[in-house]
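*Asks:* Next comes target-v5.tsv, TSV, C-alpha atoms and all ligand atoms:
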chain	number	residue	atom	x	y	z
A	6	MET	CA	0.00	0.00	0.00
A	7	ASP	CA	1.57	3.35	-0.99
A	8	ASN	CA	1.53	6.39	1.31
A	9	THR	CA	-1.22	8.26	-0.50
A	10	LYS	CA	-3.52	5.25	-0.30
A	11	LEU	CA	-2.73	4.74	3.37
A	12	GLU	CA	-3.29	8.43	4.14
A	13	ASP	CA	-6.71	8.27	2.39
A	14	LEU	CA	-7.65	5.12	4.29
A	15	TYR	CA	-6.61	6.73	7.59
A	16	GLN	CA	-8.67	9.91	6.99
A	17	THR	CA	-11.70	7.90	5.91
A	18	ALA	CA	-11.45	5.58	8.91
A	19	LYS	CA	-11.05	8.55	11.24
A	20	ASN	CA	-14.21	10.18	9.87
A	21	TRP	CA	-16.14	6.93	10.40
A	22	VAL	CA	-14.86	6.63	13.99
A	23	TYR	CA	-16.11	10.17	14.77
A	24	GLU	CA	-19.43	9.43	13.06
A	25	ALA	CA	-19.85	6.22	15.07
A	26	GLY	CA	-19.09	8.23	18.22
A	27	GLU	CA	-21.93	10.63	17.36
A	28	VAL	CA	-24.33	7.70	16.93
A	29	ILE	CA	-23.38	6.45	20.41
A	30	LYS	CA	-23.77	9.91	21.98
A	31	ARG	CA	-27.22	10.31	20.48
A	32	SER	CA	-28.21	6.89	21.86
A	33	PHE	CA	-27.80	7.96	25.51
A	34	SER	CA	-31.37	9.23	25.66
A	35	ASN	CA	-32.77	5.93	24.33
A	36	GLU	CA	-33.45	2.87	26.41
A	37	LEU	CA	-30.79	0.18	25.97
A	38	ASN	CA	-31.63	-3.37	25.02
A	39	ILE	CA	-29.17	-5.51	26.97
A	40	THR	CA	-28.63	-9.24	26.55
A	41	TYR	CA	-26.13	-11.79	27.87
A	42	LYS	CA	-23.54	-13.60	25.79
A	43	SER	CA	-21.45	-16.37	27.42
A	44	HIS	CA	-22.35	-15.64	31.10
A	45	TYR	CA	-24.03	-13.21	33.51
A	46	ALA	CA	-21.20	-10.64	33.34
A	47	ASP	CA	-20.74	-10.79	29.57
A	48	LEU	CA	-23.14	-8.15	28.26
A	49	VAL	CA	-23.99	-6.96	24.79
A	50	THR	CA	-26.32	-4.14	23.79
A	51	ASP	CA	-28.05	-3.20	20.55
A	52	MET	CA	-25.54	-0.37	20.28
A	53	ASP	CA	-22.54	-2.79	20.19
A	54	LYS	CA	-24.21	-4.53	17.25
A	55	ALA	CA	-25.32	-1.33	15.51
A	56	ILE	CA	-21.86	0.24	15.65
A	57	GLU	CA	-20.18	-2.91	14.34
A	58	LYS	CA	-22.68	-3.04	11.46
A	59	PHE	CA	-22.11	0.67	10.81
A	60	PHE	CA	-18.40	0.04	10.19
A	61	ILE	CA	-18.96	-3.10	8.16
A	62	ASP	CA	-21.47	-1.39	5.83
A	63	LYS	CA	-19.09	1.52	5.24
A	64	ILE	CA	-16.00	-0.65	4.73
A	65	LYS	CA	-17.67	-3.17	2.43
A	66	LYS	CA	-18.99	-0.36	0.24
A	67	GLU	CA	-15.77	1.67	0.04
A	68	TYR	CA	-13.19	-1.14	0.23
A	69	PRO	CA	-14.83	-4.39	-0.93
A	70	ASP	CA	-11.54	-6.30	-0.87
A	71	HIS	CA	-10.78	-5.51	2.80
A	72	GLU	CA	-11.53	-8.05	5.53
A	73	ILE	CA	-13.10	-7.25	8.89
A	74	LEU	CA	-12.83	-9.01	12.24
A	75	GLY	CA	-15.36	-7.67	14.75
A	76	GLU	CA	-16.35	-8.81	18.24
A	77	GLU	CA	-20.05	-9.16	17.50
A	78	GLY	CA	-19.42	-11.49	14.58
A	79	TYR	CA	-20.93	-9.55	11.65
A	80	GLY	CA	-17.60	-9.38	9.85
A	81	ASP	CA	-15.54	-12.04	8.11
A	82	GLU	CA	-13.90	-15.19	9.29
A	83	VAL	CA	-10.40	-13.78	9.18
A	84	LYS	CA	-7.78	-16.53	8.96
A	85	ASP	CA	-4.63	-14.48	8.43
A	86	LEU	CA	-3.43	-10.90	8.10
A	87	ASP	CA	-2.81	-11.07	4.34
A	88	GLY	CA	-4.21	-8.06	2.47
A	89	THR	CA	-5.94	-5.32	4.46
A	90	VAL	CA	-7.68	-6.38	7.67
A	91	TRP	CA	-9.72	-4.20	10.03
A	92	ILE	CA	-10.01	-5.43	13.63
A	93	ILE	CA	-12.91	-3.69	15.35
A	94	ASP	CA	-14.39	-3.56	18.82
A	95	PRO	CA	-17.50	-1.40	18.38
A	96	ILE	CA	-17.74	-0.76	22.13
A	97	ASP	CA	-14.92	-1.79	24.43
A	98	GLY	CA	-16.11	-1.60	28.02
A	99	THR	CA	-19.74	-2.57	27.48
A	100	THR	CA	-20.31	-3.03	31.22
A	101	ASN	CA	-19.17	0.57	31.78
A	102	PHE	CA	-21.30	1.72	28.85
A	103	VAL	CA	-24.36	0.13	30.48
A	104	HIS	CA	-23.61	1.14	34.08
A	105	GLN	CA	-21.87	4.50	33.68
A	106	GLN	CA	-22.39	5.81	30.14
A	107	ASN	CA	-18.68	6.55	30.45
A	108	ASN	CA	-15.30	4.76	30.33
A	109	PHE	CA	-15.81	2.89	27.08
A	110	ALA	CA	-14.25	3.29	23.65
A	111	ILE	CA	-14.48	2.42	19.99
A	112	SER	CA	-11.36	0.49	18.97
A	113	VAL	CA	-10.22	0.09	15.36
A	114	GLY	CA	-6.89	-1.34	14.19
A	115	ILE	CA	-5.96	-1.62	10.52
A	116	PHE	CA	-3.34	-4.12	9.36
A	117	HIS	CA	-1.85	-4.60	5.91
A	118	ASN	CA	0.05	-7.80	5.10
A	119	GLY	CA	0.63	-8.42	8.80
A	120	GLU	CA	1.79	-4.93	9.73
A	121	GLY	CA	-0.16	-2.50	11.89
A	122	LYS	CA	-0.76	0.55	9.68
A	123	ALA	CA	-3.30	2.73	11.48
A	124	ALA	CA	-5.17	2.67	14.78
A	125	PHE	CA	-7.96	4.52	16.60
A	126	ILE	CA	-9.16	4.32	20.18
A	127	TYR	CA	-11.97	6.80	20.72
A	128	ASP	CA	-13.14	7.64	24.23
A	129	VAL	CA	-16.45	9.00	23.04
A	130	VAL	CA	-17.60	10.73	26.24
A	131	ARG	CA	-14.29	12.48	26.95
A	132	ASN	CA	-13.88	13.38	23.29
A	133	GLU	CA	-10.41	11.83	23.27
A	134	LEU	CA	-9.28	10.15	20.08
A	135	PHE	CA	-5.95	8.33	20.35
A	136	HIS	CA	-4.76	7.63	16.83
A	137	CYS	CA	-1.80	6.97	14.61
A	138	ILE	CA	-0.69	6.19	11.13
A	139	LYS	CA	2.41	4.03	11.15
A	140	GLY	CA	5.66	6.01	11.27
A	141	ASN	CA	4.03	9.36	11.95
A	142	GLY	CA	3.82	9.27	15.74
A	143	LEU	CA	0.97	8.98	18.24
A	144	TYR	CA	-1.72	11.66	18.40
A	145	LEU	CA	-4.30	12.58	21.01
A	146	ASN	CA	-6.89	14.53	19.02
A	147	GLU	CA	-4.80	17.15	17.13
A	148	GLU	CA	-1.81	16.98	19.47
A	149	LYS	CA	1.28	14.92	18.68
A	150	LEU	CA	2.49	13.11	21.81
A	151	PRO	CA	6.15	12.54	22.73
A	152	LEU	CA	7.74	9.09	22.61
A	153	LEU	CA	7.52	7.18	25.90
A	154	SER	CA	10.49	7.54	28.21
A	155	GLU	CA	11.88	5.07	30.72
A	156	VAL	CA	10.56	4.83	34.25
A	157	THR	CA	11.32	2.55	37.22
A	158	LEU	CA	8.77	0.46	39.08
A	159	ASP	CA	8.82	2.67	42.20
A	160	LYS	CA	7.57	5.59	40.06
A	161	ALA	CA	5.12	3.56	37.97
A	162	VAL	CA	1.32	3.37	37.96
A	163	ILE	CA	0.13	0.00	36.68
A	164	GLY	CA	-3.18	-0.98	35.11
A	165	LEU	CA	-4.16	-4.19	36.87
A	166	ASN	CA	-7.59	-5.63	37.51
A	167	ALA	CA	-8.92	-7.77	40.30
A	168	THR	CA	-9.02	-10.98	38.26
A	169	TRP	CA	-5.30	-11.23	39.10
A	170	ILE	CA	-6.08	-11.90	42.75
A	171	THR	CA	-7.93	-15.05	41.76
A	172	PRO	CA	-5.97	-18.28	41.36
A	173	ASN	CA	-5.34	-18.90	37.64
A	174	ARG	CA	-3.41	-21.14	35.33
A	175	LYS	CA	-1.27	-18.39	33.75
A	176	ILE	CA	0.72	-17.22	36.69
A	177	ASP	CA	1.17	-17.80	40.41
A	178	HIS	CA	-0.87	-14.79	41.50
A	179	HIS	CA	1.31	-14.26	44.57
A	180	LEU	CA	4.09	-13.19	42.18
A	181	LEU	CA	2.14	-10.00	41.49
A	182	LEU	CA	2.34	-8.89	45.13
A	183	PRO	CA	5.68	-7.09	44.72
A	184	LEU	CA	4.19	-5.11	41.83
A	185	VAL	CA	1.33	-3.93	43.97
A	186	ARG	CA	3.68	-3.14	46.85
A	187	LYS	CA	6.57	-1.54	44.98
A	188	SER	CA	4.72	0.49	42.37
A	189	ARG	CA	3.18	3.92	42.99
A	190	GLY	CA	-0.24	2.46	42.54
A	191	THR	CA	-2.56	0.31	40.48
A	192	ARG	CA	-5.65	1.26	38.50
A	193	SER	CA	-8.46	-0.58	36.78
A	194	TYR	CA	-10.71	1.11	34.21
A	195	GLY	CA	-12.75	-1.84	32.92
A	196	THR	CA	-11.85	-1.17	29.31
A	197	ALA	CA	-8.79	-2.79	27.81
A	198	ALA	CA	-8.75	-0.39	24.85
A	199	ILE	CA	-8.57	2.72	27.05
A	200	GLU	CA	-6.05	1.07	29.36
A	201	LEU	CA	-3.82	0.36	26.34
A	202	ALA	CA	-4.33	3.90	25.02
A	203	TYR	CA	-3.31	5.20	28.45
A	204	VAL	CA	-0.08	3.22	28.29
A	205	ALA	CA	0.54	4.63	24.81
A	206	CYS	CA	0.10	8.23	26.01
A	207	GLY	CA	1.89	7.72	29.35
A	208	ARG	CA	-1.05	8.05	31.76
A	209	LEU	CA	-0.36	4.47	32.79
A	210	ASP	CA	3.21	3.13	32.85
A	211	ALA	CA	2.18	-0.49	32.32
A	212	TYR	CA	-0.90	-2.63	31.88
A	213	MET	CA	-1.35	-6.36	32.19
A	214	THR	CA	-4.34	-8.53	31.57
A	215	MET	CA	-4.94	-12.23	31.50
A	216	ARG	CA	-7.00	-12.96	28.43
A	217	LEU	CA	-8.01	-10.65	25.63
A	218	SER	CA	-9.38	-11.19	22.14
A	219	PRO	CA	-7.92	-9.57	19.01
A	220	TRP	CA	-10.58	-6.79	18.95
A	221	ASP	CA	-9.73	-5.82	22.56
A	222	PHE	CA	-6.04	-5.17	21.88
A	223	ALA	CA	-5.49	-4.73	18.10
A	224	ALA	CA	-5.63	-0.92	18.03
A	225	GLY	CA	-3.74	-0.60	21.31
A	226	TYR	CA	-1.07	-2.93	20.01
A	227	ILE	CA	-0.41	-0.55	17.11
A	228	LEU	CA	-0.63	2.64	19.20
A	229	ILE	CA	1.76	1.41	21.90
A	230	GLN	CA	4.45	0.46	19.41
A	231	GLU	CA	4.04	3.78	17.63
A	232	ALA	CA	4.61	5.50	21.00
A	233	GLY	CA	7.84	3.57	21.63
A	234	GLY	CA	6.30	1.24	24.22
A	235	ILE	CA	6.59	-2.52	24.38
A	236	ILE	CA	3.70	-4.94	24.09
A	237	SER	CA	4.02	-8.69	24.61
A	238	THR	CA	2.24	-11.58	26.26
A	239	MET	CA	2.53	-11.96	30.05
A	240	ASP	CA	5.63	-14.14	29.67
A	241	GLY	CA	7.29	-11.61	27.37
A	242	SER	CA	6.79	-13.38	24.05
A	243	LYS	CA	5.49	-11.91	20.80
A	244	VAL	CA	1.76	-11.22	20.54
A	245	LYS	CA	-0.16	-13.23	17.95
A	246	VAL	CA	-2.63	-10.64	16.73
A	247	LEU	CA	-5.37	-13.08	15.69
A	248	SER	CA	-5.30	-15.17	18.90
A	249	LYS	CA	-6.78	-14.88	22.35
A	250	THR	CA	-3.83	-14.01	24.56
A	251	SER	CA	-2.58	-12.43	27.74
A	252	ILE	CA	-1.26	-8.92	27.17
A	253	PHE	CA	1.48	-7.02	28.95
A	254	ALA	CA	2.28	-3.50	27.76
A	255	ALA	CA	4.75	-1.11	29.34
A	256	LYS	CA	7.24	1.68	28.86
A	257	PRO	CA	10.69	0.59	27.72
A	258	GLY	CA	12.88	-0.47	30.65
A	259	LEU	CA	9.91	-0.98	32.94
A	260	HIS	CA	8.74	-3.84	30.71
A	261	GLN	CA	11.89	-5.83	31.53
A	262	GLU	CA	11.93	-4.77	35.18
A	263	ILE	CA	8.39	-6.08	35.66
A	264	LEU	CA	9.12	-9.32	33.80
A	265	ASP	CA	12.16	-9.85	36.04
A	266	THR	CA	10.13	-9.06	39.16
A	267	ILE	CA	7.38	-11.48	38.24
A	268	HIS	CA	9.35	-14.33	36.75
A	269	THR	CA	12.35	-14.36	39.08
A	270	GLY	CA	10.49	-13.24	42.19
A	271	THR	CA	9.40	-15.59	44.92
A	272	PRO	CA	5.76	-15.90	45.89
A	273	GLN	CA	6.57	-14.57	49.36
A	274	ASP	CA	7.95	-11.28	47.97
A	275	GLY	CA	5.97	-8.36	49.30
A	276	GLU	CA	3.92	-10.45	51.68
B	301	LIG	P1	-15.80	-5.68	26.07
B	301	LIG	O1	-16.39	-4.64	26.94
B	301	LIG	O2	-15.64	-5.25	24.65
B	301	LIG	O3	-16.48	-7.02	26.17
B	301	LIG	C1	-13.24	-5.46	31.02
B	301	LIG	O4	-14.44	-6.14	30.98
B	301	LIG	C2	-12.50	-5.57	29.68
B	301	LIG	O5	-12.33	-6.95	29.31
B	301	LIG	C3	-13.21	-4.93	28.51
B	301	LIG	O6	-12.20	-4.42	27.67
B	301	LIG	C4	-13.94	-6.09	27.88
B	301	LIG	O7	-14.27	-5.90	26.53
B	301	LIG	C5	-12.93	-7.19	28.04
B	301	LIG	N1	-13.46	-8.53	27.97
B	301	LIG	C6	-12.93	-9.52	27.20
B	301	LIG	N2	-13.64	-10.65	27.33
B	301	LIG	C7	-14.67	-10.38	28.18
B	301	LIG	C8	-15.77	-11.16	28.72
B	301	LIG	N3	-15.96	-12.45	28.39
B	301	LIG	N4	-16.64	-10.56	29.55
B	301	LIG	C9	-16.48	-9.26	29.90
B	301	LIG	N5	-15.45	-8.49	29.45
B	301	LIG	C10	-14.55	-9.03	28.60
B	302	CA	CA	-18.02	-7.99	24.91
B	303	CA	CA	-13.45	-5.49	24.13
B	304	CA	CA	-16.87	-4.95	22.80
Turn the structure described in the file into structure tokens.
Ligand code: 2AM
Ligand code: CA
Ligand code: CA
Ligand code: CA

*Replies:*
Amino acid sequence: MDNTKLEDLYQTAKNWVYEAGEVIKRSFSNELNITYKSHYADLVTDMDKAIEKFFIDKIKKEYPDHEILGEEGYGDEVKDLDGTVWIIDPIDGTTNFVHQQNNFAISVGIFHNGEGKAAFIYDVVRNELFHCIKGNGLYLNEEKLPLLSEVTLDKAVIGLNATWITPNRKIDHHLLLPLVRKSRGTRSYGTAAIELAYVACGRLDAYMTMRLSPWDFAAGYILIQEAGGIISTMDGSKVKVLSKTSIFAAKPGLHQEILDTIHTGTPQDGE
């Protein structure tokens, strides 16, 4: 894809993200139709479905050869990242959307032949669009943000949610105690997309989560790398963009310090 084509795609996608945001804002006065997916805490609303369909209609009309992977399943069965692939979460943070009408985002990542090319995470209520086109730096609305700088754990704020205190197969949860003790603090926003955007812009120094799907992290994955951050799985290996995976994103330096703390620490640390 040449630069002019990519620039066009980026502008078009950005306009659609703003338009979708307007649709969501207008919906606040309507009653929501909420249903359950896999279990009692896994919600979906008519707005999740409407916004996903909104993107799919636009993309299929304008770019019929592009593929789309969306959470609500109206897109394609995407098997690989050949060609141009959009990975879309129409509303990330549906529980917040339902309970708070705040702290949710539209997340759109665009890949071409396996490479992240453009990304958008739009916090609709705060009017904050985190976005990038590959190689051009990270933007918050119109403002270009600086590259992430190094920080040590004692000065870091870490995005971490309470599922980590439950026993799990991924990691001995006691190993996270030193992170909670030694960092400046932990935060949990209930929206992976915004948490990743916050790492990209430096509001969080790191974020770790046990199991996300491609639509939860695709845009954040692109934004964080554009900002000079590091994103991997919890054990530090490369993220497979089309798989369900743990995610660990952090500023350079801190990423290794946390991996060392977790993987060489002893469960008693910090107790
Ligand atoms: P979602 O709101 O798009 O479903 C906190 O719930 C974060 O984890 C959100 O980013 C949410 O995305 C994501 N998540 C992933 N799988 C989930 C599930 N099965 N139930 C609830 N949230 C899930
Ligand atoms: Ca969901
Ligand atoms: Ca999500
Ligand atoms: Ca969602």

*Asks:* I'd like the neighbourhood of segment 224-237 of chain A as a ChimeraX atom specification, where a residue qualifies if any of its atoms comes within 8 Å (using only C-alpha atoms), though same-chain residues fewer than 2 positions away should be ignored.

*Replies:* /A:92,112-115,121-126,135-137,139-143,150-153,198,201-202,204-206,220-222,239-244,252-257,260

*Asks:* What are the closest atom pairs, with distances in Å to one decimal, for all residues of chain A lying within 8 Å of ligand CA 303 (chain B)? Consider only C-alpha atoms and all ligand atoms, order rows by chain and residue number, and present the result as a Markdown table.

*Replies:*
| residue | atom | partner | partner_atom | distance |
| --- | --- | --- | --- | --- |
| A:Glu76 | CA | B:CA303 | CA | 7.4 |
| A:Asp94 | CA | B:CA303 | CA | 5.7 |
| A:Ile96 | CA | B:CA303 | CA | 6.7 |
| A:Asp97 | CA | B:CA303 | CA | 4.0 |
| A:Gly98 | CA | B:CA303 | CA | 6.1 |
| A:Thr99 | CA | B:CA303 | CA | 7.7 |
| A:Thr196 | CA | B:CA303 | CA | 6.9 |
| A:Ala197 | CA | B:CA303 | CA | 6.5 |
| A:Ala198 | CA | B:CA303 | CA | 7.0 |
| A:Leu217 | CA | B:CA303 | CA | 7.6 |
| A:Ser218 | CA | B:CA303 | CA | 7.3 |
| A:Trp220 | CA | B:CA303 | CA | 6.1 |
| A:Asp221 | CA | B:CA303 | CA | 4.1 |
| A:Phe222 | CA | B:CA303 | CA | 7.8 |

*Asks:* So the first atom is atom CA of Phe33 of chain A and the second is atom CA of Leu145 of chain A; what is the distance between them in Å, to one decimal place?

*Replies:*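 Computed distance, atom CA of Phe33 of chain A to atom CA of Leu145 of chain A, equals 24.4 Å.
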
*Asks:* Please compute the atom CA of Asp53 of chain A-atom CA of Ile111 of chain A distance, one decimal, in Å.

*Replies:*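 One can read the atom CA of Asp53 of chain A to atom CA of Ile111 of chain A distance as 9.6 Å.
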
*Asks:* Got a sec: who's within 6 Å of Ser251 of chain A, counting all atoms listed in the file, leaving out chain neighbours fewer than 5 positions off, as JSON, numbers by chain?

*Replies:* {"A": [214, 215, 216, 238, 239]}

*Asks:* Within 8 Å of (6.8, -13.2, 36.8) (file coordinates; all atoms listed in the file), which protein or nucleic acid residues are there? I'd like them as a list in words.

*Replies:*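 Answer for this query, in the requested form: Ile176, Leu180, Leu181, Asp240, Ile263, Leu264, Asp265, Thr266, Ile267, His268, Thr269 and Gly270 of chain A.
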
*Asks:* What does the distance from atom CA of Val103 of chain A to atom CA of Val22 of chain A come to in Å, to one decimal?

*Replies:*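 Taking atom CA of Val103 of chain A and atom CA of Val22 of chain A, their separation equals 20.1 Å.
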
*Asks:* Once you count only C-alpha atoms, which residues end up no further than 6 Å from (-13.4, 3.9, 27.2) in the file's frame, shown as a count of residues only?

*Replies:* 6

*Asks:* Using all atoms listed in the file, which of A:Glu148, A:Gln106, A:Leu158, A:Ala55 sits nearest Glu133 of chain A?

*Replies:*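 Using all atoms listed in the file, Glu133 of chain A sits closest to A:Glu148.
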
*Asks:* Might you pull out every residue within 10 Å of Ile170 of chain A, with all atoms listed in the file counted and same-chain residues fewer than 4 positions away left off, and present them as a ChimeraX atom specification?

*Replies:* /A:165-166,177-179,181-182

*Asks:* Near Pro69 of chain A, within 12 Å and counting all atoms listed in the file, which residues show up once chain neighbours fewer than 3 positions away are dropped, as a list in words?

*Replies:* Ile61, Asp62, Lys63, Ile64, Lys65, Lys66, Glu72, Ile73, Asp81, Gly88, Thr89 and Val90 of chain A

*Asks:* Taking into account only C-alpha atoms, which residue in the set A:Pro95, A:Pro172, A:Gly164, A:Gly78 is nearest to Gly195 of chain A?

*Replies:*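 Going through A:Pro95, A:Pro172, A:Gly164, A:Gly78 one by one, the smallest distance to Gly195 of chain A is for A:Gly164.
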